Amino acid sequence: MPEGPSVRKFHHLVSPFVGQQVVKTGGSSQKLNPASFQSLWLQDTQVHGKKLFLRFDPDEELGSLGNISLPESLEKGERKGEAQDQKQASGPSSRKISQQSSQSVELVAPSGDSGVEHWQGDTPAGGPERWLQVSFGLFGSVWVNEFSRAKKANKRGDWRDPTPRLVLYFGGGGFLAFYNCQMSWSSSPVVRPTSDILSEKFDRGQALEALGQEQPVCYTLLDQRYFSGLGNIIKNEALYRAGIHPLSLGSLLSPQRLEALVDHVVQFSADWLQGKFQGRQQHTHIYQKEQCPGGHPVRREAFGPPGGFQRLTWWCPQCQPRLPADEQAQVQLS
């Protein structure tokens with residue numbers, strides 16, 4: 001599942017198409033007519049957490065540009081890879097923008113974000129709803145100037161390439177291909193920088209207050225109202241680096257430990273994004289590992305709120321011990 005840093009990179013690679021007109025369309029969607037994008041102009045793109053927003057207009061005139069700026073440290077990393085990325089995004093060369101291919105699916109409960117497309121009808125070219133909201137669910141990705149190719153045979157033994165839901169060809173010569181995305185039209189992008197873990201306006205106080213609730217911190221970390229862009233990889237890595245058991249109740253952790261946890265969330269996310277701009281693969285300590293860096297066996301179990309999604313969680317019992325008070329409180333909650 002693409003997390004905040006991956007979607008920020010999507011945004012970075014899609015941005016060179018702003019100001020270009022859609023000259024040809026394609027895709028397999030049955031719930032949205034890809035031809036409805038014909039002749040529209042991509043006027044703006046914004047990002048918030050795990051969602052990408054694209055503004056389309058029937059006229060060439062530019063709308064109000066409101067791209068969210070990156071922190072200075074991330075902008076430096078962006079500039080290092082900007083020339084190569086923009087060349088690939090606007091010319092005949094290709095660039096895949098997707099999550100790490102080695103990641104396995106961690107969602108073990110049925111989910112509406114299972115990769116099934118969700119379109120909310122066609123928007124007339126002159127209609128008020130001109131922002132296309134793109135959510136990437138479990139398997140969503142965007143490809144630039146290249147189509148996704150099969151990496152292995154399907155259950156029937158066929159080497160069949162994935163079919164894009166939507167393909168947009170632009171006047172500048174490049175194209176975007178959207179796979180397994182959930183899309184809907186809206187009149188404006190839903191952007192709340194105070195909850196976005198990669199925004200300079202991220203509200204640490206609000207995040208700390210949420211973490212202090214009487215529930216396992218691993219539940220709260222995935223709450224996009226307070227930690228937009230945070231997914232299972234960041235959750236596991238931040239908890240390990242902070243030495244906190246995933247089922248520890250936030251109300252029983254000291255303010256210092258909660259502060260440290262938020263620090264690791266922000267730092268790991270920023271480092272991951274920086275690495276994407278520099279072409280480095282993010283190194284994980286605990287996620288999908290059998291041993292932690294200390295050489296201890298790693299445990300794996302699905303955790304989630306009652307009646308909610310259960311997410312696979314990796315932790316080290318020795319490096320992340322569960323406090324006796326946590327165990328007693330958990331018995332009372334169950």
# chains A, B, ... in the order shown; residues from 1 in each chain; ligands from 1
>>> select_by_dssp(residues="segment 182-261 of chain A", states="strand (DSSP E)", output="ChimeraX atom specification")
/A:182-186
>>> residues_around(residues="Asp57 of chain A", least_positions_apart="3", cutoff="7 Å", atoms="only C-alpha atoms", output="PDB file with N, CA, C and O atoms, in the first residue's frame")
ATOM      1  N   LEU A  40      -9.401  18.263 -22.012  1.00  0.00           N
ATOM      2  CA  LEU A  40      -9.270  19.007 -20.756  1.00  0.00           C
ATOM      3  C   LEU A  40      -7.807  19.355 -20.498  1.00  0.00           C
ATOM      4  O   LEU A  40      -6.895  18.699 -20.990  1.00  0.00           O
ATOM      5  N   TRP A  41      -7.617  20.395 -19.707  1.00  0.00           N
ATOM      6  CA  TRP A  41      -6.273  20.830 -19.339  1.00  0.00           C
ATOM      7  C   TRP A  41      -6.008  20.467 -17.880  1.00  0.00           C
ATOM      8  O   TRP A  41      -6.834  20.741 -17.011  1.00  0.00           O
ATOM      9  N   LEU A  42      -4.873  19.849 -17.614  1.00  0.00           N
ATOM     10  CA  LEU A  42      -4.461  19.595 -16.231  1.00  0.00           C
ATOM     11  C   LEU A  42      -3.857  20.884 -15.700  1.00  0.00           C
ATOM     12  O   LEU A  42      -2.808  21.329 -16.165  1.00  0.00           O
ATOM     13  N   GLN A  43      -4.538  21.506 -14.738  1.00  0.00           N
ATOM     14  CA  GLN A  43      -4.157  22.829 -14.290  1.00  0.00           C
ATOM     15  C   GLN A  43      -3.442  22.858 -12.944  1.00  0.00           C
ATOM     16  O   GLN A  43      -2.782  23.838 -12.621  1.00  0.00           O
ATOM     17  N   ALA A 125     -17.508  18.802 -18.692  1.00  0.00           N
ATOM     18  CA  ALA A 125     -16.309  19.628 -18.837  1.00  0.00           C
ATOM     19  C   ALA A 125     -16.471  20.985 -18.180  1.00  0.00           C
ATOM     20  O   ALA A 125     -15.518  21.561 -17.670  1.00  0.00           O
ATOM     21  N   ARG A 130     -14.195  19.778 -10.520  1.00  0.00           N
ATOM     22  CA  ARG A 130     -13.074  19.657 -11.443  1.00  0.00           C
ATOM     23  C   ARG A 130     -11.840  19.040 -10.809  1.00  0.00           C
ATOM     24  O   ARG A 130     -10.811  18.898 -11.460  1.00  0.00           O
TER      25      ARG A 130
END
>>> residues_around(residues="Leu208 of chain A", least_positions_apart="2", cutoff="8 Å", atoms="only C-alpha atoms", output="list in words")
Arg204, Gly205, Gln206, Ala210, Leu211, Gly212, Leu258, Glu259 and Val262 of chain A
>>> residues_around(residues="segment 230-246 of chain A", least_positions_apart="2", cutoff="6 Å", atoms="only C-alpha atoms", output="ChimeraX atom specification")
/A:3,218,227-228,248,261,264-265,319-322
>>> atom_distance(atom1="atom CA of Ser186 of chain A", atom2="atom CA of Gln133 of chain A")
7.1 Å
>>> atom_distance(atom1="atom CA of Leu176 of chain A", atom2="atom CA of Met1 of chain A")
19.5 Å
